[in-house]
Structures are given as C-alpha cells and as structure tokens.
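The file start.txt contains compact mmCIF, C-alpha atoms:
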# COMPACT_ATOMS: atom_id res chain seq x y z
CA MET A 1 -66.15 0.30 82.76
CA SER A 2 -63.05 2.50 83.20
CA GLU A 3 -62.83 5.01 86.02
CA ILE A 4 -63.02 7.94 83.63
CA ALA A 5 -66.07 6.50 81.87
CA ARG A 6 -67.73 5.97 85.25
CA LEU A 7 -67.06 9.60 86.16
CA TYR A 8 -68.65 10.74 82.92
CA ARG A 9 -71.71 8.51 83.39
CA GLU A 10 -72.22 9.84 86.91
CA ALA A 11 -72.03 13.44 85.67
CA ILE A 12 -74.55 12.72 82.91
CA ALA A 13 -76.93 10.96 85.33
CA GLU A 14 -76.88 13.98 87.64
CA VAL A 15 -78.15 16.35 84.95
CA ARG A 16 -80.10 13.82 82.89
CA PRO A 17 -81.49 11.17 85.28
CA ASP A 18 -83.64 9.87 82.42
CA LEU A 19 -80.44 8.55 80.78
CA ALA A 20 -79.06 6.83 83.88
CA GLY A 21 -79.81 3.39 82.45
CA ALA A 22 -79.24 4.18 78.78
CA THR A 23 -76.62 2.34 76.76
CA ALA A 24 -73.58 4.57 76.47
CA ARG A 25 -70.70 4.59 74.00
CA LEU A 26 -67.39 6.26 74.80
CA HIS A 27 -65.38 8.06 72.09
CA ALA A 28 -61.96 8.84 73.55
CA ARG A 29 -59.85 9.68 70.48
CA GLY A 30 -60.72 13.37 70.14
CA TRP A 31 -57.93 15.94 70.43
CA ASP A 32 -59.79 18.22 72.83
CA SER A 33 -62.54 16.16 74.39
CA ASP A 34 -63.81 12.72 75.21
CA ALA A 35 -67.39 12.08 74.21
CA ILE A 36 -70.21 9.90 75.49
CA GLU A 37 -73.06 8.96 73.19
CA ALA A 38 -76.23 8.02 75.10
CA GLY A 39 -79.91 8.04 74.23
CA GLY A 40 -79.46 10.02 71.01
CA THR A 41 -77.53 12.72 72.89
CA LEU A 42 -73.83 13.53 72.73
CA PHE A 43 -71.90 14.72 75.80
CA LYS A 44 -68.40 16.19 75.45
CA PHE A 45 -65.90 16.31 78.30
CA PRO A 46 -62.83 18.55 77.82
CA LYS A 47 -59.46 16.92 78.48
CA GLY A 48 -57.75 19.93 80.06
CA PRO A 49 -57.99 23.65 80.86
CA GLU A 50 -57.30 24.78 77.28
CA ALA A 51 -59.92 22.38 75.94
CA ALA A 52 -62.38 23.66 78.54
CA GLY A 53 -61.95 27.20 77.26
CA ARG A 54 -62.44 26.03 73.70
CA LEU A 55 -65.62 24.19 74.68
CA ARG A 56 -67.07 27.33 76.28
CA LEU A 57 -66.12 29.31 73.16
CA GLU A 58 -67.73 26.71 70.92
CA ALA A 59 -70.99 27.11 72.82
CA ARG A 60 -70.89 30.87 72.19
CA ILE A 61 -70.09 30.32 68.51
CA LEU A 62 -73.02 27.96 68.04
CA THR A 63 -75.35 30.48 69.68
CA LEU A 64 -74.07 33.12 67.26
CA ILE A 65 -74.34 31.10 64.06
CA GLY A 66 -77.22 28.70 64.71
CA PRO A 67 -80.05 31.04 63.65
CA ARG A 68 -78.08 32.44 60.70
CA VAL A 69 -76.92 29.44 58.69
CA PRO A 70 -79.10 27.20 56.48
CA LEU A 71 -77.40 23.92 57.45
CA ARG A 72 -78.07 22.26 60.79
CA VAL A 73 -75.43 22.74 63.50
CA PRO A 74 -75.49 21.44 67.09
CA LYS A 75 -77.55 23.16 69.76
CA MET A 76 -75.17 22.97 72.68
CA ARG A 77 -75.98 23.24 76.37
CA LEU A 78 -73.14 23.65 78.85
CA HIS A 79 -73.12 22.07 82.29
CA GLU A 80 -70.69 23.50 84.83
CA SER A 81 -71.52 20.97 87.57
CA PRO A 82 -70.60 18.40 88.77
CA ILE A 83 -67.83 18.92 86.17
CA LEU A 84 -67.70 20.97 82.99
CA PHE A 85 -69.23 19.20 80.00
CA SER A 86 -71.58 19.89 77.11
CA GLU A 87 -74.78 18.28 75.89
CA HIS A 88 -76.47 18.37 72.54
CA GLU A 89 -78.78 16.24 70.43
CA MET A 90 -76.91 14.29 67.80
CA ILE A 91 -77.47 15.28 64.19
CA PRO A 92 -78.57 12.11 62.36
CA GLY A 93 -75.91 10.69 60.06
CA ARG A 94 -72.23 9.89 60.21
CA SER A 95 -68.97 11.10 58.70
CA ILE A 96 -68.21 10.66 55.02
CA GLU A 97 -64.88 9.24 53.85
CA PRO A 98 -63.19 10.23 50.57
CA ASP A 99 -64.05 6.93 48.86
CA GLU A 100 -67.67 7.24 50.01
CA TYR A 101 -67.91 10.70 48.50
CA GLU A 102 -66.44 9.45 45.21
CA ALA A 103 -69.11 6.73 45.10
CA LEU A 104 -71.97 9.27 45.20
CA SER A 105 -73.94 10.06 42.06
CA PRO A 106 -73.19 13.39 40.33
CA ALA A 107 -76.57 14.73 41.52
CA ARG A 108 -75.82 13.90 45.16
CA LYS A 109 -72.33 15.39 44.91
CA GLN A 110 -73.84 18.56 43.49
CA ALA A 111 -76.49 18.75 46.22
CA MET A 112 -73.80 18.36 48.87
CA GLY A 113 -71.67 21.07 47.27
CA GLU A 114 -74.63 23.43 47.08
CA ALA A 115 -75.59 22.81 50.72
CA LEU A 116 -72.06 23.57 51.92
CA GLY A 117 -71.65 26.53 49.57
CA GLY A 118 -74.84 28.05 50.99
CA PHE A 119 -73.64 27.35 54.52
CA TYR A 120 -70.33 29.15 53.96
CA ALA A 121 -72.02 32.06 52.21
CA ALA A 122 -74.26 32.63 55.25
CA LEU A 123 -71.47 32.03 57.76
CA HIS A 124 -69.11 34.48 56.09
CA ALA A 125 -71.83 37.13 56.08
CA ILE A 126 -71.49 37.32 59.89
CA PRO A 127 -69.11 40.23 60.53
CA ALA A 128 -65.71 39.23 61.88
CA THR A 129 -66.14 41.95 64.50
CA GLU A 130 -69.14 40.09 65.96
CA ALA A 131 -67.13 36.91 66.17
CA ALA A 132 -64.17 38.69 67.76
CA ALA A 133 -66.51 40.21 70.35
CA ILE A 134 -67.37 36.73 71.71
CA GLY A 135 -63.73 35.69 71.81
CA VAL A 136 -63.19 34.02 68.43
CA PRO A 137 -59.42 34.21 67.77
CA PRO A 138 -57.48 34.82 64.57
CA LYS A 139 -56.31 31.69 62.75
CA PRO A 140 -52.51 31.46 62.81
CA GLU A 141 -50.82 30.87 59.48
CA TRP A 142 -49.05 27.58 58.92
CA PRO A 143 -45.28 27.58 59.57
CA GLY A 144 -43.07 28.67 56.69
CA ALA A 145 -40.58 26.74 54.58
CA ALA A 146 -37.65 27.38 56.93
CA GLN A 147 -39.42 25.54 59.76
CA VAL A 148 -41.05 22.74 57.78
CA LEU A 149 -38.81 21.69 54.90
CA PRO A 150 -35.90 20.41 57.05
CA ARG A 151 -38.33 18.12 58.89
CA LEU A 152 -39.57 16.63 55.64
CA SER A 153 -36.18 15.56 54.25
CA MET A 154 -36.46 12.07 55.79
CA ARG A 155 -40.21 11.74 55.28
CA LEU A 156 -40.71 12.39 51.57
CA PRO A 157 -39.16 11.11 48.32
CA ALA A 158 -36.94 13.53 46.40
CA GLU A 159 -39.56 14.47 43.80
CA MET A 160 -42.00 15.41 46.56
CA LEU A 161 -39.39 17.49 48.35
CA GLU A 162 -39.09 19.55 45.19
CA PHE A 163 -42.89 19.89 45.12
CA ALA A 164 -42.89 20.94 48.79
CA ALA A 165 -40.29 23.65 48.18
CA LYS A 166 -42.28 25.04 45.25
CA ALA A 167 -45.51 24.93 47.24
CA PHE A 168 -44.00 26.90 50.11
CA GLU A 169 -42.42 29.40 47.73
CA ALA A 170 -45.81 30.06 46.16
CA TYR A 171 -47.62 30.05 49.52
CA GLU A 172 -45.31 32.67 51.00
CA ARG A 173 -46.09 34.98 48.06
CA LEU A 174 -49.87 34.81 48.46
CA PRO A 175 -51.48 38.25 48.76
CA ALA A 176 -53.15 39.22 52.03
CA GLU A 177 -56.89 38.65 52.31
CA GLU A 178 -59.58 40.45 54.24
CA PRO A 179 -60.14 38.63 57.57
CA THR A 180 -63.27 36.44 57.50
CA PHE A 181 -65.10 34.63 60.29
CA GLY A 182 -65.10 30.98 59.29
CA TYR A 183 -65.53 27.35 60.31
CA PHE A 184 -62.04 26.21 59.24
CA ASP A 185 -62.77 22.54 59.92
CA GLY A 186 -65.27 21.52 57.25
CA HIS A 187 -63.93 18.09 56.30
CA GLY A 188 -65.94 14.91 55.98
CA TRP A 189 -65.19 13.72 59.50
CA ASN A 190 -67.17 16.68 60.87
CA MET A 191 -70.21 16.05 58.69
CA ALA A 192 -73.43 14.24 59.58
CA PHE A 193 -74.18 12.53 56.27
CA ASP A 194 -77.21 10.32 55.72
CA HIS A 195 -75.66 7.54 53.63
CA ARG A 196 -78.96 5.83 52.92
CA ARG A 197 -80.56 8.94 51.42
CA GLY A 198 -77.33 10.51 50.19
CA VAL A 199 -78.07 13.78 51.97
CA LEU A 200 -75.93 16.01 54.19
CA ASN A 201 -77.90 16.63 57.40
CA GLY A 202 -75.50 18.99 59.16
CA VAL A 203 -72.00 19.82 60.34
CA TYR A 204 -70.46 19.93 63.80
CA ASP A 205 -67.32 20.57 65.89
CA PHE A 206 -66.79 24.32 65.79
CA ALA A 207 -63.92 24.44 68.28
CA ASP A 208 -61.52 25.43 65.48
CA ALA A 209 -63.64 28.28 64.14
CA GLY A 210 -61.66 31.48 63.78
CA ILE A 211 -60.97 34.64 61.82
CA GLY A 212 -58.69 34.18 58.84
CA PRO A 213 -58.26 34.21 55.06
CA ARG A 214 -61.42 33.27 53.18
CA SER A 215 -59.50 30.93 50.85
CA ARG A 216 -58.34 28.86 53.81
CA GLU A 217 -61.97 27.97 54.60
CA PHE A 218 -62.15 25.78 51.51
CA THR A 219 -59.01 23.73 52.16
CA TYR A 220 -60.75 21.41 54.59
CA SER A 221 -63.27 19.98 52.11
CA ASN A 222 -60.21 19.12 49.99
CA LEU A 223 -59.43 16.49 52.63
CA THR A 224 -62.59 14.78 51.40
CA SER A 225 -62.36 15.61 47.69
CA GLY A 226 -61.10 18.32 45.39
CA ASP A 227 -64.28 17.79 43.38
CA LEU A 228 -66.36 18.65 46.45
CA THR A 229 -64.39 21.85 46.98
CA GLU A 230 -64.90 22.89 43.37
CA ARG A 231 -68.67 22.41 43.71
CA ILE A 232 -68.75 24.32 47.02
CA VAL A 233 -66.77 27.22 45.58
CA ALA A 234 -68.93 27.43 42.45
CA THR A 235 -72.04 27.78 44.62
CA TYR A 236 -70.32 30.21 46.98
CA ARG A 237 -69.25 32.46 44.11
CA ARG A 238 -72.76 32.44 42.68
CA LEU A 239 -74.40 33.33 46.01
CA THR A 240 -71.90 35.93 47.22
CA GLY A 241 -70.27 37.33 44.11
CA LYS A 242 -66.95 37.02 45.95
CA PRO A 243 -63.89 35.62 44.17
CA VAL A 244 -62.25 32.44 45.44
CA ASP A 245 -59.05 31.40 43.65
CA LEU A 246 -58.98 27.59 43.55
CA ARG A 247 -55.23 27.62 43.00
CA THR A 248 -54.75 29.56 46.21
CA VAL A 249 -56.99 27.02 47.97
CA ALA A 250 -54.88 24.19 46.53
CA LEU A 251 -51.64 25.81 47.71
CA ARG A 252 -53.03 26.30 51.20
CA THR A 253 -54.14 22.66 51.25
CA ALA A 254 -50.68 21.48 50.21
CA VAL A 255 -48.91 23.58 52.82
CA GLN A 256 -51.35 22.49 55.52
CA GLY A 257 -50.70 18.82 54.74
CA LEU A 258 -46.94 19.29 54.55
CA SER A 259 -46.88 21.24 57.82
CA GLU A 260 -48.88 18.55 59.60
CA LEU A 261 -46.56 15.86 58.22
CA GLY A 262 -43.53 17.81 59.40
CA ALA A 263 -45.00 18.29 62.88
CA ALA A 264 -46.21 14.70 63.35
CA ARG A 265 -44.34 12.86 66.10
CA SER A 266 -45.84 9.42 65.47
CA GLU A 267 -48.23 7.67 63.09
CA ILE A 268 -46.91 9.72 60.18
CA GLU A 269 -48.30 7.48 57.43
CA PRO A 270 -51.77 9.11 57.28
CA PHE A 271 -50.13 12.54 56.97
CA ARG A 272 -47.69 11.31 54.31
CA ALA A 273 -50.50 9.67 52.34
CA GLY A 274 -52.51 12.90 52.46
CA ALA A 275 -49.55 14.96 51.25
CA GLN A 276 -48.89 12.51 48.41
CA ARG A 277 -52.55 12.49 47.38
CA TRP A 278 -52.58 16.29 47.15
CA TRP A 279 -49.27 16.30 45.27
CA ARG A 280 -50.87 14.09 42.61
CA TYR A 281 -53.97 16.35 42.50
CA MET A 282 -51.87 19.49 41.97
CA GLN A 283 -49.63 17.85 39.40
CA ALA A 284 -52.66 16.76 37.37
CA ARG A 285 -53.92 20.36 37.32
CA ASN A 286 -50.52 22.08 36.94
CA GLU A 287 -51.27 24.05 40.11
CA LEU A 288 -47.68 25.03 40.86
CA ARG A 289 -47.23 27.37 37.92
CA LEU A 290 -45.77 30.77 38.86
CA PRO A 291 -46.45 33.60 39.43
CA ILE A 292 -49.49 33.51 41.69
CA ALA A 293 -52.74 34.30 39.93
CA GLY A 294 -53.84 37.86 40.69
CA THR A 295 -50.41 39.22 41.64
This structure in structure tokens:
Amino acid sequence: MSEIARLYREAIAEVRPDLAGATARLHARGWDSDAIEAGGTLFKFPKGPEAAGRLRLEARILTLIGPRVPLRVPKMRLHESPILFSEHEMIPGRSIEPDEYEALSPARKQAMGEALGGFYAALHAIPATEAAAIGVPPKPEWPGAAQVLPRLSMRLPAEMLEFAAKAFEAYERLPAEEPTFGYFDGHGWNMAFDHRRGVLNGVYDFADAGIGPRSREFTYSNLTSGDLTERIVATYRRLTGKPVDLRTVALRTAVQGLSELGAARSEIEPFRAGAQRWWRYMQARNELRLPIAGT
C-alpha cells in the first residue's frame, strides 16, 4: 500500500471504524481528488487547496439541489479532521461509454433522455441568485479563435482546420443568454447507469456546477451521444416550454472540444478523436450554415 493510500485509510478508519478492515479500492486519476471506495461508500480527498475549496462548494451544492431534483445525486458528508475529505454512499451503477449507449434499445435511450431532461428542468428552476449566494461561480466562456486556432495548426488536418475556423466564427456570434444555474458536467462518465436493467440510477460529481448559458448545459451529453442530447432537449422543452437551439449546442460542443485539444499538453489523441467525431456529426447535419439561427 502506498503512503498516500495508507494516509487515506487511516483517515477513513478514524471517522468510520466499522470500515477499518473493509476492502478498499483507490481511484487516483481524478483532476481534483483521489477517491477511496470501501464498503459501498466513496471517500474523496482533494489534491490541493483549490480542490479543497471546490469540494466544500460541492457539498453546499448537493445540499441545495438534493431535495429539488427527481434524479438521485450524492448525499455528501464533509469531514474536516484528521484531514479534509468527503463521504457519501455510492449510487449503484457505473459510467456509460458512447458505444454502450448506442447499444441500448430505443426504449431505454428514450427513458434515459427523459430522466435527464426532467433532471435539468428541475435543476434550472433553482434561481441563479440562490446558487450564487452559496458561492457557485459563473462559468467562463471557452477561449476564442485567436487563442485556439494557432495551437491547432499542427494537430488537425487541413479540412478540419477549416471546420474549426468556421465553428469559432459562428460561436463568437452567438447571442447572449440569460444566466442559468446548471450542472455543466453531465457526460456518461458522471452517470451511475445500471447496465443490467438499462436504467439510469443517478448522476454525480458536481464540482463543475456553475452559472452560465443554458445551451452549454447540453453540450456534455454530446460527449456520450448526440442522440442522447436530442432526447434530453425534447423532454426539457416539453417540461419547461423554454427554447433550446440544438445548433447552438452543437457549436458549443465543437468549440469545447477544439479548445481542449488546443490546450492539451500530452495525450492529445483522445481530444483529437473527440473533435473529429463531432466534426463528422456536424457535417452530417450541416450544422455550420450561417447566419446563426435566431439572429
């Protein structure tokens, strides 16, 4: 056992002596936190001061939204001693990959889209002022073309560079949207999906929640499937009566992927593959036509 894992186990045993002898599994690849899975409980340990602040904020966010959304989210308990860490029962299920989503039946895809559409409808009904009052920050926009395109010149083929330039041109002309309190991280890797039953049991990891454009909320499910996003948005529109322009969502998804590819310092292939996949999606739907819908 590594020294850091031993430190975590000792901290857990101090607050949960019943788990002192439980089998534990370390997950150390998270951006903000390491995690220990033990006895059906997940413990998160922030990796630095900024991550510690985000963990405390996440606990406040979950307290705010837990009673108000129809989909299960973690019930988090913070421990300040012997070190700062969090504890919550694990939501049964595991993440869902894009190919696993595509293999679902149409009925299960629809049920998943309706569950998430209802979740977002309830979440967005929480006033942004309430979220701001507990410290939820605004979501920064992605960098513009001037910062990103030069970095992509050696990372994309010529035809994709043309696509990237058009995407940023369209993105920078998007109209302003009313600020909305949102999750902004609803991709398949943050979902607890019961693969045996084909049912979404809940969502987790709210450290990236923020206040931003409503259309940006729906970009993250695009990382799993554009089909899933379309089903979510259809349900969301029906429940809220609020417009969501799928082309705007597609543009935001493209710019997000291109920005992440431009910023990547290593292991760029996953980012490049994601950008290429979304390029093909938008080409198939002619989503780069100008001008922007609604302007």
(request) Tell me, in Å to one decimal, how far CA of Ala165 in chain A is from CA of Ala264 in chain A. (result)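 So the two atoms, CA of Ala165 in chain A and CA of Ala264 in chain A, lie 18.6 Å apart.
Considering only C-alpha atoms, the residue among A:Thr224, A:Thr180, A:Thr253, A:Ser81 positioned nearest to Pro98 in chain A is A:Thr224.
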Taking all atoms listed in the file into account, produce a table as JSON lines in which each residue of range 81-162 of chain A with an atom at most 8 Å from an atom of range 49-63 of chain A appears once, together with its shortest atom pair and the distance in Å to one decimal, ordered by chain and rising number.
{"residue": "A:Leu84", "atom": "CA", "partner": "A:Ala52", "partner_atom": "CA", "distance": 7.4}
{"residue": "A:Ser86", "atom": "CA", "partner": "A:Leu55", "partner_atom": "CA", "distance": 7.7}
{"residue": "A:Ala131", "atom": "CA", "partner": "A:Ile61", "partner_atom": "CA", "distance": 7.6}
{"residue": "A:Ile134", "atom": "CA", "partner": "A:Arg60", "partner_atom": "CA", "distance": 6.9}
{"residue": "A:Gly135", "atom": "CA", "partner": "A:Leu57", "partner_atom": "CA", "distance": 6.9}
{"residue": "A:Val136", "atom": "CA", "partner": "A:Leu57", "partner_atom": "CA", "distance": 7.3}
(message) For a test of reading the model, state the distance in Å between CA of Gly21 in chain A and CA of Glu87 in chain A, rounded to one decimal.
(response) 17.0 Å
(request) Find the distance between CA of Ala146 in chain A and CA of Glu169 in chain A and write it in Å to one decimal. (result) 10.6 Å
(message) When you look at range 229-246 of chain A with a cut-off of 12 Å (counting all atoms listed in the file), what residues show up, excluding the ones that are within fewer than 2 positions of it in the same chain? I need them as an MDAnalysis selection string.
(response) chainID A and resid 101 106:125 174:175 177:178 186:188 213:227 248:253 282 285 287:288 292:295
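Shortest atom-to-atom contact with Ala128 in chain A among A:Ile211, A:Asp32, A:Ser266, A:Pro17: A:Ile211, counting all atoms listed in the file.
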Sorted by chain and rising residue number, which residues of range 20-98 of chain A lie within 8 Å of range 6-15 of chain A, and what are their closest atom pairs and distances in Å to one decimal, counting all atoms listed in the file, as a tab-separated table?
residue	atom	partner	partner_atom	distance
A:Ala20	CA	A:Ala13	CA	4.9
A:Ile36	CA	A:Tyr8	CA	7.6
A:Phe43	CA	A:Ile12	CA	7.8
A:Phe45	CA	A:Tyr8	CA	7.7
A:Ser81	CA	A:Ala11	CA	7.8
A:Pro82	CA	A:Ala11	CA	6.0
A:Ile83	CA	A:Ala11	CA	6.9
(request) Compare A:Ala192, A:Ala22, A:Ala5, A:Ala164 by their minimum atom-to-atom distance to Val73 in chain A, counting all atoms listed in the file, and give me the closest one. (result)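 The closest residue to Val73 in chain A is A:Ala192.
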Take every atom of range 217-226 of chain A listed in the file, pad by 4 Å on each side, and give me the axis-aligned box centre and edge lengths in Å, one decimal, as lines of an AutoDock Vina configuration file.
center_x = -61.1
center_y = 21.4
center_z = 50.0
size_x = 12.3
size_y = 21.2
size_z = 17.2
(request) For each of A:Phe181, A:Ala170, A:Met160, A:His195, take the minimum atom-to-atom distance to Arg272 in chain A, counting only C-alpha atoms, then give the residue where this is smallest. (result) A:Met160
(request) List every protein, DNA or RNA residue with an atom no more than 12 Å from (-47.2, 19.0, 61.5) in the file's coordinates, counting only C-alpha atoms, and format the result as a PyMOL selection string. (result) chain A and resi 142-144+147-149+151-152+155+255-268+270-272+275
(request) Tell me, as a ChimeraX atom specification, which residues lie within 7 Å of Phe206 in chain A, counting only C-alpha atoms; anything in the same chain fewer than 2 positions away does not count. (result) /A:58,183,204,208-209
(message) Ranking A:Pro140, A:Met154, A:Leu228, A:Leu26 by minimum distance to Phe184 in chain A and counting only C-alpha atoms, which one comes first?
(response)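 Among A:Pro140, A:Met154, A:Leu228, A:Leu26, it is A:Pro140 that comes nearest to Phe184 in chain A.
In terms of minimum interatomic distance to Lys44 in chain A, A:Met76 ranks closest within A:Met76, A:Ala103, A:Ile91, A:Leu64, counting only C-alpha atoms.
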